[in-house]
Structures are given as structure tokens and as C-alpha cells.
Amino acid sequence: MIKRSEVALEIFLWGLEVMTRRDCGLILAGYRVCGADRQLDRLLERFKQAQWLEQRGRGKAATFTITETGRKRLRVTQPTEHWDKPWDGRWRVFMFDLPAQRNKARMVLWRALRDAKMGLLQRSVWIWPHPVTDLLANVVQSQSIPECVCGFEAGKLFLCSDAEIVASAWDQAAIDRAHELYLNHLGADIASVRRSKNLQEVAQVARIERDAYQAAFSFDPLLPRQLWLKTYRGPQVESRHQAFLAELRRCSRKLLTA
């Protein structure tokens with residue numbers, strides 16, 4: 001879950017490369033992270049100490065730029081990084097075996113694998129297109145589950161295709177609904193940005209869109225491009241999001257220079 005301070009930090013990624021203290025105060029107030037000069041000073045000082053922001057100048061003349069450390073700190077969905085990850089054409093198939101009397105542990109492990117967006121092929125058989133040894137070891141250790149997982153790599157499938165594997169292992173209906181919800185509401189967000197009269201209103205719209213964008217990929221495993229189904233609408237979501245960001249930057253710059 002993104003912390004409030006990191007939500008505030010995200011505003012510096014709008015493409016506003018340099019921001020003044022006044023700009024920061026107006027936008028952060030829109031995020032309801034701070035509402036007073038003292039709160040703003042504390043938050044900006046925290047960002048600087050964490051090396052998320054770099055300050056130039058002092059007092060009201062101070063300007064701020066986000067550092068590379070600050071950019072990496074944000075846990076924002078970056079689908080293209082996953083889509084562009086090369087796939088070696090091999091599925092990692094793994095399964096676990098827990099006795100019936102350990103049903104609670106079974107459900108804990110099931111949820112952990114689901115949270116990692118692994119594909120459930122059938123019952124306790126899971127799949128993933130990339131190496132999973134370290135990830136599985138971390139899941140088993142963090143959930144205090146005995147080592148009851150085994151797996152193998154499958155280089156060739158028979159009786160089914162990669163597309164059929166993808167369609168079966170992930171909830172395509174839920175993925176499609178999440179994408180569709182974002183695509184249907186985005187027009188309203190762009191219109192709201194254009195109607196914004198100040199940076200506070202811009203920030204409020206940006207917060208709503210950010211949450212909607214994150215939700216759009218909440219069920220999406222972000223598989224490599226070779227495994228996309230013909231009905232997959234992830235690229236449309238990303239294209240619309242980039243269009244929103246472009247309009248957000250345009251409107252923000254206009255208000256900052258007004």
C-alpha cells in the first residue's frame with residue numbers, strides 16, 4: 001500500500017521538473033497531506049533527508065526537483081516494464097501439498113500466491129512465465145509454511161496452447177472488467193482537469209485518476225507481450241493513462257505560470 005508521504009511525492013512526477021515552495025504547498029494541500037506552512041516544511045524536510053528531493057535556494061525562493069532515488073521509491077504500476085520483459089518460452093509449473101487438517105495454512109499460501117499474481121492452472125497447480133525459485137522461497141518463509149512446494153520448467157506444451165493456458169490460469173473476466181472501468185471513466189477525468197481552476201483541483205483529479213489506474217491493473221499479471229490474448233486491453237489503458245498525464249502536465253504548467 002502506498003504511504004501518504006509517497007502519494008505526495010508522486011506529484012513531482014507530473015513532468016513539472018522544477019517546483020517552487022508555493023507550488024508544492026498548493027498541490028499538497030489538494031492531496032490533503034498538509035494544510036499549513038509548518039506541515040509543508042516538515043514534509044519537504046523529510047523528503048530531503050530521505051534524498052527524494054533536491055532543494056536549491058532558500059526560503060520563498062527555494063525550488064525543488066525530484067531525485068532518481070525519489071522516483072525509484074514510488075510503488076507505481078509500470079506495465080511496460082513487465083510487458084517488455086523477454087520471455088524464454090518456458091513455463092514454470094509448481095504445486096504444493098498440504099494435508100486437509102492444515103486448510104488454514106493452505107488458504108494463507110493460496111492468497112500469497114494470488115497476491116503475487118501467479119496463475120492458478122488447477123487446484124494446487126500454479127504457473128508463471130519467469131523464474132520463480134527465489135519468489136517461492138520468500139513466500140514459503142514469510143508465511144511460515146513448511147517446504148512443501150515442488151516445481152519444474154515446461155518447454156513444450158501439448159493438448160493446449162499458450163493462449164489457452166493464459167485464459168485458464170488467470171481470471172480474464174475480472175481483468176477485462178477492471179480495464180473497462182478505467183477506460184469508461186477516463187474521459188470524465190480529462191474533462192475535470194481541463195475545468196480545474198487551481199492546482200488544488202488539479203491535484204484532486206490526479207489523485208482520483210492515480211487510484212483508478214492502479215485499480216485497472218489490480219488483477220492483471222502483466223504478462224510479456226508474447227502471451228497477450230487478442231482481447232487484452234492493457235495497452236489501451238496505458239495509452240489513455242499517458243494521454244491523461246499529458247493533459248495533466250499541460251494544465252498544471254498553465255496554472256503555474258498564470
# chains A, B, ... in the order shown; residues from 1 in each chain; ligands from 1
call {"tool": "residues_around", "arguments": {"residues": "Arg233 in chain A", "least_positions_apart": "4", "cutoff": "10 Å", "atoms": "only C-alpha atoms", "output": "compact mmCIF listing (two decimals) with C-alpha atoms, in the first residue's frame"}}
result
# COMPACT_ATOMS: atom_id res chain seq x y z
CA ILE A 175 -9.09 -8.34 -15.74
CA ASP A 176 -11.39 -7.16 -18.53
CA ALA A 178 -11.02 -3.58 -14.40
CA HIS A 179 -9.69 -2.36 -17.74
CA GLU A 180 -13.16 -1.43 -18.99
CA LEU A 183 -11.46 3.23 -19.98
CA TRP A 228 -1.25 -11.44 -24.70
CA LEU A 229 -4.70 -12.65 -25.64
CA VAL A 237 -5.39 1.52 -20.61
CA GLU A 238 -1.75 2.56 -20.72
call {"tool": "select_by_dssp", "arguments": {"residues": "range 10-246 of chain A", "states": "helix (DSSP H, G or I)", "output": "CSV table (one decimal) with N, CA and C atoms, in the first residue's frame"}}
result
chain,number,residue,atom,x,y,z
A,10,GLU,N,4.5,11.7,-5.4
A,10,GLU,CA,4.1,11.4,-6.8
A,10,GLU,C,3.8,12.6,-7.6
A,11,ILE,N,3.4,13.7,-6.9
A,11,ILE,CA,3.1,14.9,-7.7
A,11,ILE,C,4.3,15.4,-8.5
A,12,PHE,N,5.5,15.1,-8.0
A,12,PHE,CA,6.7,15.6,-8.7
A,12,PHE,C,7.0,14.9,-9.9
A,13,LEU,N,6.2,13.9,-10.2
A,13,LEU,CA,6.4,13.1,-11.4
A,13,LEU,C,5.4,13.5,-12.6
A,21,ARG,N,8.3,26.4,-3.7
A,21,ARG,CA,7.7,26.1,-2.4
A,21,ARG,C,6.2,26.4,-2.4
A,22,ARG,N,5.8,27.5,-3.1
A,22,ARG,CA,4.4,27.8,-3.2
A,22,ARG,C,3.7,26.7,-4.0
A,23,ASP,N,4.3,26.3,-5.1
A,23,ASP,CA,3.6,25.2,-5.9
A,23,ASP,C,3.4,24.0,-5.1
A,24,CYS,N,4.4,23.6,-4.3
A,24,CYS,CA,4.3,22.4,-3.5
A,24,CYS,C,3.2,22.5,-2.5
A,25,GLY,N,3.1,23.7,-1.9
A,25,GLY,CA,2.1,23.9,-0.9
A,25,GLY,C,0.7,23.8,-1.5
A,26,LEU,N,0.4,24.4,-2.6
A,26,LEU,CA,-0.9,24.3,-3.3
A,26,LEU,C,-1.3,22.9,-3.7
A,27,ILE,N,-0.3,22.2,-4.3
A,27,ILE,CA,-0.6,20.8,-4.7
A,27,ILE,C,-0.8,19.9,-3.6
A,28,LEU,N,0.1,19.9,-2.6
A,28,LEU,CA,0.0,19.0,-1.4
A,28,LEU,C,-1.3,19.3,-0.7
A,29,ALA,N,-1.7,20.5,-0.6
A,29,ALA,CA,-3.0,20.8,0.0
A,29,ALA,C,-4.1,20.1,-0.7
A,30,GLY,N,-4.0,20.1,-2.0
A,30,GLY,CA,-5.0,19.4,-2.8
A,30,GLY,C,-5.0,17.9,-2.5
A,37,ASP,N,1.7,25.8,6.6
A,37,ASP,CA,3.1,26.0,6.3
A,37,ASP,C,4.0,25.1,7.1
A,38,ARG,N,3.7,25.0,8.4
A,38,ARG,CA,4.6,24.1,9.2
A,38,ARG,C,4.5,22.7,8.8
A,39,GLN,N,3.4,22.2,8.4
A,39,GLN,CA,3.3,20.8,7.9
A,39,GLN,C,4.0,20.7,6.6
A,40,LEU,N,3.9,21.7,5.7
A,40,LEU,CA,4.6,21.6,4.4
A,40,LEU,C,6.1,21.6,4.7
A,41,ASP,N,6.6,22.4,5.6
A,41,ASP,CA,8.1,22.4,5.9
A,41,ASP,C,8.6,21.1,6.4
A,42,ARG,N,7.8,20.5,7.3
A,42,ARG,CA,8.2,19.2,7.8
A,42,ARG,C,8.2,18.1,6.7
A,43,LEU,N,7.2,18.1,5.8
A,43,LEU,CA,7.1,17.1,4.8
A,43,LEU,C,8.3,17.3,3.8
A,44,LEU,N,8.5,18.6,3.4
A,44,LEU,CA,9.6,18.8,2.5
A,44,LEU,C,11.0,18.4,3.1
A,45,GLU,N,11.1,18.7,4.4
A,45,GLU,CA,12.4,18.4,5.1
A,45,GLU,C,12.6,16.8,5.1
A,46,ARG,N,11.5,16.1,5.3
A,46,ARG,CA,11.5,14.7,5.3
A,46,ARG,C,11.9,14.2,4.0
A,47,PHE,N,11.4,14.7,2.9
A,47,PHE,CA,11.8,14.3,1.6
A,47,PHE,C,13.2,14.6,1.3
A,48,LYS,N,13.8,15.7,1.8
A,48,LYS,CA,15.2,16.0,1.5
A,48,LYS,C,16.1,15.0,2.3
A,49,GLN,N,15.7,14.8,3.6
A,49,GLN,CA,16.5,13.9,4.4
A,49,GLN,C,16.6,12.5,3.8
A,59,GLY,N,14.2,29.7,1.6
A,59,GLY,CA,13.0,30.4,1.8
A,59,GLY,C,12.0,30.4,0.7
A,60,LYS,N,11.3,31.5,0.5
A,60,LYS,CA,10.3,31.5,-0.6
A,60,LYS,C,10.9,31.4,-2.0
A,61,ALA,N,12.2,31.6,-2.1
A,61,ALA,CA,12.8,31.5,-3.4
A,61,ALA,C,13.3,30.0,-3.7
A,68,GLU,N,16.6,10.8,-8.5
A,68,GLU,CA,16.4,9.4,-9.0
A,68,GLU,C,15.9,8.5,-7.9
A,69,THR,N,16.5,8.7,-6.7
A,69,THR,CA,16.0,7.9,-5.5
A,69,THR,C,14.6,8.1,-5.3
A,70,GLY,N,14.1,9.3,-5.4
A,70,GLY,CA,12.7,9.6,-5.2
A,70,GLY,C,11.8,8.9,-6.2
A,71,ARG,N,12.3,8.8,-7.5
A,71,ARG,CA,11.5,8.2,-8.5
A,71,ARG,C,11.4,6.7,-8.2
A,72,LYS,N,12.5,6.1,-7.8
A,72,LYS,CA,12.5,4.6,-7.6
A,72,LYS,C,11.7,4.3,-6.3
A,73,ARG,N,11.5,5.2,-5.4
A,73,ARG,CA,10.8,4.9,-4.2
A,73,ARG,C,9.3,4.7,-4.4
A,79,PRO,N,3.5,-0.9,-16.2
A,79,PRO,CA,3.2,-2.1,-17.0
A,79,PRO,C,4.2,-2.4,-18.1
A,80,THR,N,4.7,-1.4,-18.8
A,80,THR,CA,5.5,-1.6,-19.9
A,80,THR,C,6.8,-2.3,-19.5
A,81,GLU,N,7.3,-2.1,-18.3
A,81,GLU,CA,8.5,-2.8,-17.8
A,81,GLU,C,8.3,-4.3,-17.8
A,82,HIS,N,7.0,-4.7,-17.4
A,82,HIS,CA,6.7,-6.1,-17.4
A,82,HIS,C,6.4,-6.7,-18.8
A,83,TRP,N,5.7,-5.9,-19.6
A,83,TRP,CA,5.3,-6.3,-20.9
A,83,TRP,C,6.6,-6.5,-21.8
A,100,ALA,N,-5.3,-32.1,4.6
A,100,ALA,CA,-6.6,-31.4,4.8
A,100,ALA,C,-6.8,-30.7,6.1
A,101,GLN,N,-6.1,-31.3,7.2
A,101,GLN,CA,-6.2,-30.7,8.5
A,101,GLN,C,-5.4,-29.3,8.6
A,102,ARG,N,-4.7,-29.0,7.6
A,102,ARG,CA,-4.0,-27.8,7.5
A,102,ARG,C,-4.6,-26.8,6.5
A,103,ASN,N,-5.9,-26.8,6.5
A,103,ASN,CA,-6.6,-26.0,5.5
A,103,ASN,C,-6.3,-24.5,5.7
A,104,LYS,N,-6.1,-24.0,6.9
A,104,LYS,CA,-5.8,-22.6,7.1
A,104,LYS,C,-4.5,-22.2,6.5
A,105,ALA,N,-3.5,-23.1,6.7
A,105,ALA,CA,-2.2,-22.8,6.0
A,105,ALA,C,-2.3,-22.8,4.5
A,106,ARG,N,-3.2,-23.7,4.0
A,106,ARG,CA,-3.4,-23.9,2.6
A,106,ARG,C,-3.9,-22.5,2.0
A,107,MET,N,-4.9,-21.9,2.7
A,107,MET,CA,-5.5,-20.7,2.3
A,107,MET,C,-4.5,-19.5,2.4
A,108,VAL,N,-3.7,-19.5,3.4
A,108,VAL,CA,-2.7,-18.5,3.5
A,108,VAL,C,-1.7,-18.5,2.4
A,109,LEU,N,-1.3,-19.7,2.0
A,109,LEU,CA,-0.4,-19.9,0.9
A,109,LEU,C,-1.0,-19.5,-0.4
A,110,TRP,N,-2.3,-19.9,-0.6
A,110,TRP,CA,-3.1,-19.6,-1.8
A,110,TRP,C,-3.2,-18.1,-2.0
A,111,ARG,N,-3.5,-17.4,-0.9
A,111,ARG,CA,-3.7,-16.0,-1.0
A,111,ARG,C,-2.3,-15.3,-1.3
A,112,ALA,N,-1.2,-15.8,-0.8
A,112,ALA,CA,0.1,-15.2,-1.0
A,112,ALA,C,0.5,-15.4,-2.5
A,113,LEU,N,0.2,-16.5,-3.1
A,113,LEU,CA,0.5,-16.7,-4.5
A,113,LEU,C,-0.4,-15.9,-5.4
A,114,ARG,N,-1.7,-15.7,-5.0
A,114,ARG,CA,-2.6,-14.9,-5.7
A,114,ARG,C,-2.2,-13.4,-5.7
A,115,ASP,N,-1.7,-13.0,-4.5
A,115,ASP,CA,-1.3,-11.6,-4.4
A,115,ASP,C,-0.1,-11.3,-5.3
A,133,THR,N,12.0,-19.4,-8.4
A,133,THR,CA,12.6,-20.0,-7.2
A,133,THR,C,12.7,-19.1,-6.0
A,134,ASP,N,13.3,-18.0,-6.2
A,134,ASP,CA,13.5,-17.0,-5.1
A,134,ASP,C,12.2,-16.5,-4.6
A,135,LEU,N,11.3,-16.2,-5.5
A,135,LEU,CA,10.0,-15.7,-5.0
A,135,LEU,C,9.2,-16.7,-4.2
A,136,LEU,N,9.2,-18.0,-4.7
A,136,LEU,CA,8.5,-19.0,-3.9
A,136,LEU,C,9.2,-19.3,-2.5
A,137,ALA,N,10.5,-19.2,-2.5
A,137,ALA,CA,11.2,-19.4,-1.2
A,137,ALA,C,10.8,-18.3,-0.2
A,138,ASN,N,10.7,-17.0,-0.7
A,138,ASN,CA,10.3,-15.9,0.1
A,138,ASN,C,8.8,-16.1,0.6
A,139,VAL,N,7.9,-16.6,-0.3
A,139,VAL,CA,6.5,-16.8,0.1
A,139,VAL,C,6.4,-17.8,1.2
A,140,VAL,N,7.1,-18.9,1.0
A,140,VAL,CA,7.0,-20.0,1.9
A,140,VAL,C,7.6,-19.6,3.3
A,141,GLN,N,8.7,-18.9,3.3
A,141,GLN,CA,9.3,-18.5,4.5
A,141,GLN,C,8.5,-17.4,5.2
A,142,SER,N,8.0,-16.4,4.5
A,142,SER,CA,7.2,-15.4,5.1
A,142,SER,C,5.9,-15.9,5.7
A,162,ASP,N,-0.4,-21.8,-25.5
A,162,ASP,CA,-0.1,-20.8,-24.5
A,162,ASP,C,-1.3,-19.9,-24.2
A,163,ALA,N,-2.0,-19.6,-25.3
A,163,ALA,CA,-3.2,-18.7,-25.1
A,163,ALA,C,-4.2,-19.4,-24.2
A,164,GLU,N,-4.4,-20.7,-24.4
A,164,GLU,CA,-5.4,-21.5,-23.6
A,164,GLU,C,-4.9,-21.5,-22.1
A,165,ILE,N,-3.6,-21.6,-21.9
A,165,ILE,CA,-3.0,-21.6,-20.6
A,165,ILE,C,-3.3,-20.3,-19.9
A,166,VAL,N,-3.1,-19.2,-20.6
A,166,VAL,CA,-3.3,-17.8,-20.0
A,166,VAL,C,-4.8,-17.7,-19.7
A,167,ALA,N,-5.7,-18.0,-20.6
A,167,ALA,CA,-7.1,-17.9,-20.5
A,167,ALA,C,-7.6,-18.7,-19.3
A,168,SER,N,-7.0,-19.8,-19.0
A,168,SER,CA,-7.5,-20.7,-17.9
A,168,SER,C,-6.9,-20.3,-16.6
A,169,ALA,N,-5.6,-19.8,-16.5
A,169,ALA,CA,-4.9,-19.6,-15.3
A,169,ALA,C,-5.2,-18.3,-14.6
A,172,GLN,N,-9.8,-13.8,-16.5
A,172,GLN,CA,-9.9,-12.9,-17.6
A,172,GLN,C,-11.1,-11.9,-17.5
A,173,ALA,N,-12.1,-12.4,-17.0
A,173,ALA,CA,-13.3,-11.6,-16.8
A,173,ALA,C,-13.1,-10.5,-15.8
A,174,ALA,N,-12.4,-10.8,-14.7
A,174,ALA,CA,-12.0,-9.7,-13.8
A,174,ALA,C,-11.0,-8.7,-14.3
A,175,ILE,N,-10.1,-9.2,-15.1
A,175,ILE,CA,-9.1,-8.3,-15.7
A,175,ILE,C,-9.8,-7.4,-16.7
A,176,ASP,N,-10.7,-8.0,-17.5
A,176,ASP,CA,-11.4,-7.2,-18.5
A,176,ASP,C,-12.3,-6.1,-17.9
A,177,ARG,N,-13.0,-6.5,-16.8
A,177,ARG,CA,-13.8,-5.5,-16.1
A,177,ARG,C,-13.0,-4.3,-15.5
A,178,ALA,N,-11.9,-4.6,-15.0
A,178,ALA,CA,-11.0,-3.6,-14.4
A,178,ALA,C,-10.5,-2.6,-15.5
A,179,HIS,N,-10.1,-3.2,-16.6
A,179,HIS,CA,-9.7,-2.4,-17.7
A,179,HIS,C,-10.9,-1.5,-18.3
A,180,GLU,N,-12.0,-2.1,-18.4
A,180,GLU,CA,-13.2,-1.4,-19.0
A,180,GLU,C,-13.6,-0.3,-18.1
A,181,LEU,N,-13.6,-0.5,-16.8
A,181,LEU,CA,-14.0,0.5,-15.8
A,181,LEU,C,-13.1,1.7,-16.0
A,182,TYR,N,-11.8,1.5,-16.1
A,182,TYR,CA,-10.9,2.7,-16.3
A,182,TYR,C,-11.2,3.4,-17.6
A,183,LEU,N,-11.3,2.6,-18.7
A,183,LEU,CA,-11.5,3.2,-20.0
A,183,LEU,C,-12.8,4.0,-20.1
A,184,ASN,N,-13.8,3.6,-19.4
A,184,ASN,CA,-15.1,4.2,-19.4
A,184,ASN,C,-15.1,5.5,-18.6
A,185,HIS,N,-14.3,5.6,-17.6
A,185,HIS,CA,-14.4,6.8,-16.7
A,185,HIS,C,-13.3,7.9,-17.0
A,186,LEU,N,-12.3,7.5,-17.8
A,186,LEU,CA,-11.2,8.4,-18.0
A,186,LEU,C,-11.6,9.7,-18.7
A,187,GLY,N,-12.5,9.7,-19.6
A,187,GLY,CA,-12.9,10.9,-20.3
A,187,GLY,C,-13.4,12.0,-19.3
A,188,ALA,N,-14.0,11.5,-18.3
A,188,ALA,CA,-14.5,12.5,-17.2
A,188,ALA,C,-13.3,13.1,-16.5
A,189,ASP,N,-12.3,12.3,-16.3
A,189,ASP,CA,-11.1,12.8,-15.6
A,189,ASP,C,-10.4,13.9,-16.4
A,190,ILE,N,-10.2,13.6,-17.7
A,190,ILE,CA,-9.6,14.6,-18.6
A,190,ILE,C,-10.4,15.9,-18.6
A,191,ALA,N,-11.7,15.8,-18.7
A,191,ALA,CA,-12.6,16.9,-18.7
A,191,ALA,C,-12.4,17.7,-17.4
A,192,SER,N,-12.3,17.0,-16.3
A,192,SER,CA,-12.2,17.6,-15.0
A,192,SER,C,-10.9,18.4,-14.9
A,193,VAL,N,-9.8,17.8,-15.4
A,193,VAL,CA,-8.5,18.5,-15.4
A,193,VAL,C,-8.7,19.8,-16.2
A,194,ARG,N,-9.3,19.8,-17.3
A,194,ARG,CA,-9.4,21.0,-18.1
A,194,ARG,C,-10.2,22.0,-17.5
A,195,ARG,N,-11.2,21.6,-16.6
A,195,ARG,CA,-12.1,22.6,-15.9
A,195,ARG,C,-11.4,23.1,-14.6
A,199,LEU,N,-4.5,24.7,-8.7
A,199,LEU,CA,-3.7,23.5,-8.5
A,199,LEU,C,-4.3,22.5,-7.6
A,200,GLN,N,-5.0,23.0,-6.6
A,200,GLN,CA,-5.7,22.1,-5.7
A,200,GLN,C,-6.7,21.2,-6.4
A,201,GLU,N,-7.5,21.8,-7.3
A,201,GLU,CA,-8.4,21.0,-8.0
A,201,GLU,C,-7.7,20.0,-9.0
A,202,VAL,N,-6.6,20.4,-9.6
A,202,VAL,CA,-5.8,19.5,-10.4
A,202,VAL,C,-5.3,18.3,-9.6
A,203,ALA,N,-4.8,18.6,-8.4
A,203,ALA,CA,-4.3,17.6,-7.5
A,203,ALA,C,-5.3,16.5,-7.2
A,204,GLN,N,-6.5,17.0,-6.9
A,204,GLN,CA,-7.6,16.1,-6.5
A,204,GLN,C,-8.0,15.2,-7.7
A,205,VAL,N,-8.1,15.8,-8.9
A,205,VAL,CA,-8.3,14.9,-10.1
A,205,VAL,C,-7.2,13.9,-10.3
A,206,ALA,N,-6.0,14.4,-10.1
A,206,ALA,CA,-4.8,13.5,-10.3
A,206,ALA,C,-4.9,12.3,-9.3
A,207,ARG,N,-5.3,12.6,-8.1
A,207,ARG,CA,-5.4,11.5,-7.1
A,207,ARG,C,-6.4,10.5,-7.5
A,208,ILE,N,-7.6,10.9,-8.0
A,208,ILE,CA,-8.6,10.0,-8.4
A,208,ILE,C,-8.1,9.2,-9.6
A,209,GLU,N,-7.5,9.8,-10.5
A,209,GLU,CA,-7.0,9.1,-11.7
A,209,GLU,C,-5.9,8.1,-11.3
A,210,ARG,N,-5.0,8.4,-10.4
A,210,ARG,CA,-4.0,7.5,-10.0
A,210,ARG,C,-4.6,6.3,-9.3
A,211,ASP,N,-5.6,6.5,-8.5
A,211,ASP,CA,-6.2,5.3,-7.8
A,211,ASP,C,-6.9,4.4,-8.9
A,212,ALA,N,-7.6,5.1,-9.9
A,212,ALA,CA,-8.3,4.3,-10.9
A,212,ALA,C,-7.3,3.5,-11.8
A,213,TYR,N,-6.1,4.1,-12.1
A,213,TYR,CA,-5.1,3.5,-12.9
A,213,TYR,C,-4.5,2.3,-12.2
A,214,GLN,N,-4.3,2.4,-10.9
A,214,GLN,CA,-3.8,1.3,-10.1
A,214,GLN,C,-4.8,0.2,-10.1
A,215,ALA,N,-6.1,0.5,-9.9
A,215,ALA,CA,-7.1,-0.5,-9.8
A,215,ALA,C,-7.3,-1.2,-11.2
A,216,ALA,N,-7.0,-0.5,-12.3
A,216,ALA,CA,-7.2,-1.1,-13.6
A,216,ALA,C,-6.3,-2.3,-13.8
A,225,ARG,N,4.5,-9.6,-23.8
A,225,ARG,CA,3.7,-9.4,-25.0
A,225,ARG,C,3.4,-10.7,-25.7
A,226,GLN,N,4.3,-11.6,-25.7
A,226,GLN,CA,4.1,-12.9,-26.5
A,226,GLN,C,2.9,-13.7,-26.0
A,227,LEU,N,2.5,-13.4,-24.7
A,227,LEU,CA,1.4,-14.1,-24.1
A,227,LEU,C,0.1,-13.3,-24.1
A,234,GLY,N,-5.0,-4.1,-21.9
A,234,GLY,CA,-4.0,-3.4,-21.1
A,234,GLY,C,-3.3,-2.2,-21.9
A,235,PRO,N,-2.9,-2.4,-23.2
A,235,PRO,CA,-2.2,-1.3,-23.9
A,235,PRO,C,-3.1,-0.1,-24.1
A,236,GLN,N,-4.5,-0.3,-24.2
A,236,GLN,CA,-5.4,0.8,-24.3
A,236,GLN,C,-5.4,1.6,-23.0
A,237,VAL,N,-5.4,0.8,-21.9
A,237,VAL,CA,-5.4,1.5,-20.6
A,237,VAL,C,-4.1,2.4,-20.5
A,238,GLU,N,-3.0,1.8,-20.8
A,238,GLU,CA,-1.7,2.6,-20.7
A,238,GLU,C,-1.7,3.8,-21.7
A,239,SER,N,-2.3,3.6,-22.9
A,239,SER,CA,-2.3,4.7,-23.8
A,239,SER,C,-3.2,5.8,-23.3
A,240,ARG,N,-4.3,5.5,-22.7
A,240,ARG,CA,-5.2,6.5,-22.2
A,240,ARG,C,-4.6,7.2,-21.0
A,241,HIS,N,-3.9,6.4,-20.2
A,241,HIS,CA,-3.2,7.0,-19.0
A,241,HIS,C,-2.1,8.0,-19.4
A,242,GLN,N,-1.4,7.7,-20.4
A,242,GLN,CA,-0.4,8.6,-20.9
A,242,GLN,C,-1.0,9.9,-21.5
A,243,ALA,N,-2.2,9.7,-22.1
A,243,ALA,CA,-2.9,10.9,-22.6
A,243,ALA,C,-3.4,11.8,-21.5
A,244,PHE,N,-3.8,11.1,-20.4
A,244,PHE,CA,-4.2,11.9,-19.2
A,244,PHE,C,-3.1,12.6,-18.6
A,245,LEU,N,-1.9,12.0,-18.5
A,245,LEU,CA,-0.7,12.6,-17.9
A,245,LEU,C,-0.3,13.8,-18.8
A,246,ALA,N,-0.4,13.7,-20.1
A,246,ALA,CA,0.0,14.8,-21.0
A,246,ALA,C,-0.9,16.0,-20.7
call {"tool": "residues_around", "arguments": {"residues": "Leu121 in chain A", "least_positions_apart": "2", "cutoff": "10 Å", "atoms": "only C-alpha atoms", "output": "count of residues only"}}
result
17
call {"tool": "atom_distance", "arguments": {"atom1": "CA of Asn198 in chain A", "atom2": "CA of Val18 in chain A"}}
result
17.9 Å
